[in-house]
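*Asks:* Please find run_2.cif (mmCIF, C-alpha atoms) on the next line:
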```cif
data_structure
#
loop_
_atom_site.label_atom_id
_atom_site.label_comp_id
_atom_site.auth_asym_id
_atom_site.auth_seq_id
_atom_site.Cartn_x
_atom_site.Cartn_y
_atom_site.Cartn_z
CA MET A 268 -2.18 -3.91 -25.37
CA PHE A 269 -4.57 -0.98 -25.53
CA ARG A 270 -1.71 1.52 -25.80
CA GLN A 271 -0.18 -0.57 -28.58
CA PHE A 272 -3.49 -0.56 -30.43
CA ILE A 273 -3.74 3.23 -30.06
CA ILE A 274 -0.20 3.69 -31.43
CA ILE A 275 -0.84 1.49 -34.46
CA LEU A 276 -4.25 3.06 -35.05
CA SER A 277 -2.75 6.54 -34.90
CA ILE A 278 -0.31 5.52 -37.62
CA VAL A 279 -2.63 3.46 -39.81
CA LEU A 280 -5.48 5.98 -39.94
CA PRO A 281 -3.37 8.79 -41.42
CA SER A 282 -1.98 6.28 -43.90
CA LEU A 283 -5.49 5.36 -44.99
CA CYS A 284 -6.40 9.00 -45.29
CA TRP A 285 -3.29 9.74 -47.32
CA ALA A 286 -4.08 6.81 -49.60
CA GLN A 287 -7.32 8.52 -50.54
CA GLU A 288 -5.58 11.76 -51.43
CA ASP A 289 -4.34 12.47 -54.94
CA SER A 290 -0.86 13.48 -53.79
CA ARG A 291 0.30 11.00 -51.18
CA ASP A 292 3.38 11.99 -49.10
CA PHE A 293 5.22 8.67 -48.88
CA ASN A 294 8.27 10.22 -47.25
CA GLN A 295 6.18 11.54 -44.40
CA GLU A 296 4.54 8.15 -43.98
CA LEU A 297 7.92 6.39 -43.95
CA LYS A 298 9.28 8.86 -41.45
CA ALA A 299 6.25 8.47 -39.17
CA GLN A 300 6.42 4.68 -39.30
CA SER A 301 10.19 4.65 -38.76
CA ASN A 302 9.88 6.99 -35.79
CA ALA A 303 7.14 4.82 -34.29
CA ILE A 304 9.26 1.68 -34.75
CA GLN A 305 12.30 3.37 -33.22
CA SER A 306 10.19 4.56 -30.30
CA LEU A 307 8.95 1.02 -29.71
CA ARG A 308 12.49 -0.34 -29.94
CA ASN A 309 13.64 2.18 -27.35
CA GLU A 310 10.79 1.11 -25.08
CA ILE A 311 11.70 -2.55 -25.64
CA GLU A 312 15.33 -1.90 -24.67
CA ALA A 313 14.23 -0.01 -21.56
CA THR A 314 11.82 -2.83 -20.69
CA LYS A 315 14.58 -5.44 -21.11
CA LYS A 316 16.80 -3.47 -18.75
CA ARG A 317 13.97 -3.28 -16.23
CA ILE A 318 13.43 -7.05 -16.54
CA GLN A 319 17.15 -7.62 -15.90
CA SER A 320 17.00 -5.30 -12.89
CA GLU A 321 13.94 -7.12 -11.55
CA GLY A 322 15.75 -10.42 -12.11
CA LYS A 323 18.65 -9.24 -9.94
CA LYS A 324 16.20 -8.09 -7.29
CA GLU A 325 14.48 -11.48 -7.43
CA LYS A 326 17.77 -13.35 -6.90
CA SER A 327 18.68 -11.07 -4.01
CA SER A 328 15.23 -11.49 -2.47
CA VAL A 329 15.33 -15.28 -2.86
CA ARG A 330 18.73 -15.32 -1.16
CA ARG A 331 17.40 -13.22 1.73
CA VAL A 332 14.35 -15.48 2.12
CA SER A 333 16.64 -18.52 2.18
CA ASN A 334 18.86 -16.92 4.84
CA LEU A 335 15.82 -16.04 6.93
CA SER A 336 14.53 -19.61 6.63
CA GLU A 337 17.87 -20.92 7.90
CA GLU A 338 17.79 -18.42 10.76
CA ILE A 339 14.25 -19.53 11.67
CA SER A 340 15.35 -23.17 11.62
CA LEU A 341 18.29 -22.40 13.93
CA LEU A 342 16.07 -20.44 16.32
CA GLN A 343 13.55 -23.28 16.42
CA ARG A 344 16.29 -25.79 17.27
CA LEU A 345 17.63 -23.43 19.92
CA LEU A 346 14.15 -23.09 21.45
CA LYS A 347 13.80 -26.86 21.58
CA GLU A 348 17.12 -27.12 23.43
CA ILE A 349 16.04 -24.37 25.83
CA GLU A 350 12.76 -26.20 26.46
CA LYS A 351 14.68 -29.41 27.21
CA GLU A 352 16.95 -27.58 29.65
CA GLU A 353 13.90 -25.92 31.19
CA LYS A 354 12.26 -29.31 31.77
CA LEU A 355 15.47 -30.64 33.33
CA LEU A 356 15.66 -27.63 35.65
CA VAL A 357 12.02 -28.05 36.65
CA ALA A 358 12.68 -31.72 37.39
CA ASP A 359 15.79 -30.81 39.45
CA ILE A 360 13.81 -28.21 41.39
CA SER A 361 11.05 -30.74 42.05
CA ARG A 362 13.59 -33.33 43.21
CA THR A 363 15.32 -30.76 45.42
CA SER A 364 11.98 -29.72 46.90
CA ASN A 365 11.27 -33.36 47.73
CA GLN A 366 14.66 -33.64 49.40
CA ILE A 367 13.95 -30.52 51.43
CA GLU A 368 10.57 -31.90 52.49
CA LYS A 369 12.18 -35.21 53.47
CA SER A 370 14.95 -33.49 55.45
CA GLU A 371 12.46 -31.19 57.13
CA SER A 372 10.39 -34.26 58.04
CA GLU A 373 13.44 -35.92 59.60
CA LEU A 374 14.26 -32.72 61.44
CA ASP A 375 10.69 -32.54 62.72
CA SER A 376 10.98 -36.17 63.86
CA ILE A 377 14.11 -35.38 65.87
CA GLN A 378 12.42 -32.33 67.35
CA VAL A 379 9.43 -34.50 68.31
CA ARG A 380 11.72 -37.00 70.04
CA TYR A 381 13.44 -34.19 71.92
CA ALA A 382 10.06 -32.80 72.91
CA ARG A 383 8.93 -36.15 74.24
CA ARG A 384 12.10 -36.47 76.29
CA LEU A 385 11.61 -33.01 77.68
CA VAL A 386 8.03 -33.85 78.62
CA LYS A 387 9.15 -37.06 80.28
CA ILE A 388 11.91 -35.27 82.15
CA TYR A 389 9.44 -32.58 83.19
CA LYS A 390 7.02 -35.16 84.55
CA LYS A 391 9.51 -37.44 86.28
CA GLY A 392 12.29 -34.99 86.89
CA LYS A 393 15.81 -35.12 85.56
CA LEU A 394 17.93 -37.93 86.95
CA SER A 395 21.50 -37.21 87.85
CA ASN A 396 24.27 -39.47 86.70
CA LEU A 397 24.46 -41.05 90.20
CA GLU A 398 20.72 -41.70 90.19
CA LYS A 399 20.99 -43.33 86.79
CA ILE A 400 23.79 -45.54 88.09
CA PHE A 401 22.16 -46.44 91.43
CA SER A 402 18.81 -47.14 89.77
CA SER A 403 20.46 -49.78 87.62
CA THR A 404 20.15 -53.42 88.66
CA SER A 405 23.83 -54.02 88.02
CA TRP A 406 27.06 -52.18 87.53
CA ARG A 407 27.25 -53.30 83.91
CA GLN A 408 23.73 -52.03 83.30
CA ALA A 409 24.67 -48.68 84.81
CA VAL A 410 27.72 -48.41 82.54
CA TYR A 411 25.76 -49.40 79.45
CA ARG A 412 22.94 -47.04 80.36
CA THR A 413 25.29 -44.10 80.76
CA LYS A 414 27.14 -44.94 77.57
CA TYR A 415 23.90 -45.53 75.67
CA LEU A 416 22.39 -42.23 76.73
CA LYS A 417 25.56 -40.41 75.73
CA ILE A 418 25.67 -42.10 72.32
CA ILE A 419 22.00 -41.33 71.66
CA SER A 420 22.54 -37.71 72.61
CA GLU A 421 25.58 -37.42 70.34
CA ILE A 422 23.80 -39.15 67.45
CA ASP A 423 20.78 -36.92 67.79
CA GLN A 424 22.99 -33.85 67.90
CA LYS A 425 25.00 -34.93 64.85
CA THR A 426 21.85 -35.87 62.96
CA TYR A 427 20.32 -32.53 63.78
CA GLU A 428 23.40 -30.63 62.64
CA THR A 429 23.69 -32.77 59.51
CA ILE A 430 20.07 -32.21 58.59
CA ARG A 431 20.37 -28.47 59.19
CA SER A 432 23.49 -28.30 57.02
CA LEU A 433 21.77 -30.40 54.39
CA LEU A 434 18.74 -28.14 54.46
CA ILE A 435 20.94 -25.09 53.99
CA GLU A 436 22.83 -26.72 51.09
CA ILE A 437 19.69 -28.02 49.43
CA GLY A 438 18.03 -24.64 49.88
CA ARG A 439 21.00 -22.97 48.23
CA GLN A 440 20.87 -25.46 45.36
CA LYS A 441 17.16 -24.84 44.95
CA LEU A 442 17.73 -21.09 44.81
CA ASN A 443 20.44 -21.58 42.18
CA LEU A 444 18.17 -23.86 40.15
CA GLU A 445 15.29 -21.41 40.37
CA SER A 446 17.62 -18.60 39.29
CA ALA A 447 18.83 -20.69 36.34
CA LEU A 448 15.22 -21.52 35.46
CA ARG A 449 14.29 -17.84 35.45
CA LYS A 450 17.24 -17.10 33.17
CA LYS A 451 16.26 -19.93 30.82
CA ARG A 452 12.68 -18.72 30.66
CA ARG A 453 13.83 -15.16 30.05
CA LEU A 454 16.15 -16.43 27.29
CA LYS A 455 13.27 -18.46 25.87
CA ARG A 456 11.03 -15.38 25.75
CA GLU A 457 13.79 -13.41 24.03
CA ARG A 458 14.35 -16.15 21.45
CA GLU A 459 10.61 -16.48 20.85
CA LYS A 460 10.43 -12.73 20.30
CA THR A 461 13.39 -12.91 17.90
CA LEU A 462 11.76 -15.84 16.10
CA SER A 463 8.53 -13.88 15.71
CA GLN A 464 10.46 -10.90 14.32
CA VAL A 465 12.37 -13.08 11.86
CA ARG A 466 9.14 -14.75 10.72
CA ASN A 467 7.53 -11.36 10.15
CA LYS A 468 10.61 -10.28 8.23
CA LYS A 469 10.44 -13.44 6.12
CA ARG A 470 6.74 -12.89 5.36
CA LYS A 471 7.51 -9.31 4.35
CA GLU A 472 10.37 -10.49 2.13
CA GLN A 473 8.13 -13.15 0.56
CA ARG A 474 5.51 -10.50 -0.21
CA GLU A 475 8.23 -8.37 -1.80
CA LEU A 476 9.42 -11.39 -3.80
CA THR A 477 5.87 -12.04 -5.02
CA LYS A 478 5.61 -8.39 -6.01
CA ILE A 479 8.91 -8.58 -7.92
CA ARG A 480 7.83 -11.73 -9.77
CA ARG A 481 4.47 -10.17 -10.63
CA SER A 482 6.30 -7.11 -11.93
CA GLN A 483 8.57 -9.35 -14.00
CA LYS A 484 5.55 -11.11 -15.48
CA ASP A 485 3.88 -7.80 -16.34
CA LEU A 486 7.09 -6.50 -17.92
CA LYS A 487 7.47 -9.65 -20.03
CA THR A 488 3.86 -9.35 -21.17
CA TYR A 489 4.46 -5.68 -21.97
CA LEU A 490 7.64 -6.63 -23.87
CA THR A 491 5.76 -9.24 -25.90
CA GLU A 492 3.11 -6.67 -26.80
CA LYS A 493 5.74 -4.15 -27.88
CA GLN A 494 7.52 -6.74 -30.01
CA ALA A 495 4.20 -7.63 -31.64
CA GLY A 496 3.62 -3.92 -32.21
CA ILE A 497 6.99 -3.61 -33.97
CA LYS A 498 6.08 -6.56 -36.18
CA GLN A 499 2.82 -4.90 -37.16
CA LEU A 500 4.52 -1.56 -37.80
CA GLU A 501 7.19 -3.26 -39.90
CA ASP A 502 4.43 -4.89 -41.94
CA ILE A 503 2.86 -1.45 -42.41
CA LEU A 504 6.27 -0.03 -43.37
CA LYS A 505 6.74 -2.81 -45.92
CA LYS A 506 3.31 -2.07 -47.36
CA ILE A 507 4.21 1.63 -47.67
CA ARG A 508 7.42 0.73 -49.48
CA ASP A 509 5.47 -1.56 -51.78
CA ASP A 510 3.06 1.31 -52.40
CA ILE A 511 6.02 3.57 -53.18
CA ALA A 512 7.44 1.04 -55.63
CA ARG A 513 4.03 0.57 -57.24
CA ALA A 514 3.49 4.33 -57.48
CA GLU A 515 6.93 4.81 -59.05
CA ARG A 516 6.24 2.02 -61.51
CA GLU A 517 2.85 3.49 -62.40
CA GLU A 518 4.43 6.93 -62.81
CA ARG A 519 7.10 5.50 -65.10
CA ILE A 520 4.49 3.69 -67.19
CA ARG A 521 2.43 6.87 -67.39
CA LYS A 522 5.45 8.81 -68.66
CA GLN A 523 6.20 6.10 -71.19
CA GLN A 524 2.63 6.17 -72.44
CA MET A 525 2.76 9.95 -72.71
CA ALA A 526 6.02 9.71 -74.65
CA LEU A 527 4.56 7.11 -77.00
CA LYS A 528 1.54 9.28 -77.61
CA SER A 529 3.79 12.22 -78.43
CA LYS A 530 5.88 10.08 -80.85
CA GLU A 531 9.09 10.88 -78.90
CA PHE A 532 10.31 7.29 -78.50
CA PRO A 533 14.06 8.16 -78.48
CA LYS A 534 13.44 10.19 -75.34
CA LEU A 535 12.42 6.98 -73.57
CA LYS A 536 16.00 5.72 -73.51
CA GLY A 537 16.75 4.45 -70.01
CA GLN A 538 13.13 4.85 -68.94
CA LEU A 539 11.53 1.74 -70.40
CA ALA A 540 10.72 -1.05 -67.97
CA TRP A 541 12.48 -4.37 -68.19
CA PRO A 542 10.32 -7.06 -69.78
CA ALA A 543 11.09 -9.44 -66.92
CA GLU A 544 12.79 -9.39 -63.56
CA GLY A 545 16.24 -10.93 -63.24
CA ARG A 546 19.95 -10.36 -63.86
CA VAL A 547 21.54 -9.74 -67.28
CA ILE A 548 24.16 -12.43 -67.92
CA THR A 549 24.85 -11.85 -71.65
CA LYS A 550 24.72 -8.66 -73.70
CA PHE A 551 23.04 -8.29 -77.09
CA GLY A 552 25.13 -8.46 -80.30
CA ARG A 553 28.62 -9.75 -80.99
CA GLN A 554 30.38 -11.40 -78.07
CA TRP A 555 34.14 -12.07 -77.88
CA ASN A 556 35.33 -15.13 -75.95
CA PRO A 557 38.89 -14.47 -74.71
CA LYS A 558 39.50 -18.12 -73.82
CA LEU A 559 38.35 -19.63 -77.11
CA LYS A 560 39.28 -16.51 -79.07
CA THR A 561 36.04 -16.69 -81.00
CA THR A 562 33.22 -14.28 -81.77
CA THR A 563 29.56 -15.24 -81.47
CA GLU A 564 26.35 -13.40 -82.32
CA ASN A 565 23.69 -12.98 -79.62
CA PRO A 566 20.31 -12.16 -81.19
CA GLY A 567 18.78 -11.49 -77.75
CA ILE A 568 16.60 -14.59 -77.79
CA ASP A 569 17.19 -17.35 -75.22
#
```
Show this structure as structure tokens.
*Replies:*
Amino acid sequence: MFRQFIIILSIVLPSLCWAQEDSRDFNQELKAQSNAIQSLRNEIEATKKRIQSEGKKEKSSVRRVSNLSEEISLLQRLLKEIEKEEKLLVADISRTSNQIEKSESELDSIQVRYARRLVKIYKKGKLSNLEKIFSSTSWRQAVYRTKYLKIISEIDQKTYETIRSLLIEIGRQKLNLESALRKKRRLKREREKTLSQVRNKKRKEQRELTKIRRSQKDLKTYLTEKQAGIKQLEDILKKIRDDIARAEREERIRKQQMALKSKEFPKLKGQLAWPAEGRVITKFGRQWNPKLKTTTENPGID
């Protein structure tokens, strides 16, 4: 607004100075005002182009912000899924650890039973098969005792082998689960890092969008000021033209007065001012009507 005021002031002040001079150069004033108006119009066109360019930038920036928002939303959903899978893996690892503890407890129980038997055998000595048979109260008892001891030994052996195999399998599963958990956590960290980068990018894009919109607002304000400046300059130009018309009219009247004073009225032909403004619709004197084929006299009084 200040620049606009300076431009108008630089044009108006010379005009005021010229108005005080005896010989005012209207052509120079008109040229100066026209040049100023043309300069403002050029600036207005350039400003409009800049506004259009900023508008395109704004649309592009809004589209990028929207895409980044969608990407953030997808990453957040992905992180939620990863967290769910992570919780499931932690639960599986916990359950597997409990199974390992239970199997190890059973294995320890078998080992304790074996230890007790060994202690008992150590204290009492190991009985041979014949001793086991002859120490029985009956033949049937001897058979059952031998069969029973064999079955117990086989069951203990199978149980021991089963538990050992189970421990190996469960241990392998636990290792696999822990490996999968590490991968999930590593993937989670990567996605969180990506999410942070995308959020930073979105914030940067939003700042750029705010800057573009502020620039658009400033340009529109600047455009409004320039358009107002053109209006003021056009008013000044109209005033100069009115001054030119008034000066020409005054000069014509002055010449007429000089001619009247010098008694040279015939020389004023074509120089006298019209008594009123308007358009001549009928000439003075005899008028021929081609349609009616009549002649009428116009005395010049309506």
*Asks:* Quick check on the file I pasted: which residues fall under the PyMOL selection byres ((chain A and resi 304) around 12)? Write them as an NGL selection string.
*Replies:* :A and (271 or 274-275 or 278 or 297-303 or 305-311 or 493-504)
*Asks:* Let me make sure I understand: among A:Pro566, A:Pro557, A:Gly322, A:Gly545, which one has the smallest atom-to-atom distance to Lys484 in chain A if we use all atoms listed in the file?
*Replies:*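 Result for the nearest residue to Lys484 in chain A: A:Gly322.
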*Asks:* Which residues are near Thr549 in chain A? Cut-off 12 Å, all atoms listed in the file, ignore same chain within fewer than 5 positions. Put them as a list in words.
*Replies:*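 Neighbouring residues, sequence-local ones excluded: Gln554, Trp555, Asn556, Thr563, Glu564, Asn565, Pro566, Gly567, Ile568 and Asp569 of chain A.
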*Asks:* Report, in Å to a single decimal, how far apart CA of Arg331 in chain A and CA of Gln319 in chain A are.
*Replies:*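 Going from CA of Gln319 in chain A over to CA of Arg331 in chain A, I get 18.5 Å.
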*Asks:* In the coordinate frame of the file, compute which residues have an atom within 10 Å of (14.7, -21.7, 29.7) when using all atoms listed in the file, and state them as JSON, numbers by chain.
*Replies:* {"A": [346, 347, 348, 349, 350, 351, 352, 353, 354, 355, 356, 357, 447, 448, 449, 450, 451, 452, 453, 454, 455, 456, 458]}
*Asks:* Restricting the calculation to only C-alpha atoms, which member of A:Asn334, A:Ile437, A:Arg383, A:Arg317 is positioned closest to Lys369 in chain A?
*Replies:*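 The answer is A:Ile437, which sits nearest to Lys369 in chain A.
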*Asks:* Just how far from CA of Gln295 in chain A is CA of Asp509 in chain A, in Å to one decimal?
*Replies:*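 Atom-to-atom, CA of Asp509 in chain A and CA of Gln295 in chain A are spaced 15.1 Å apart.
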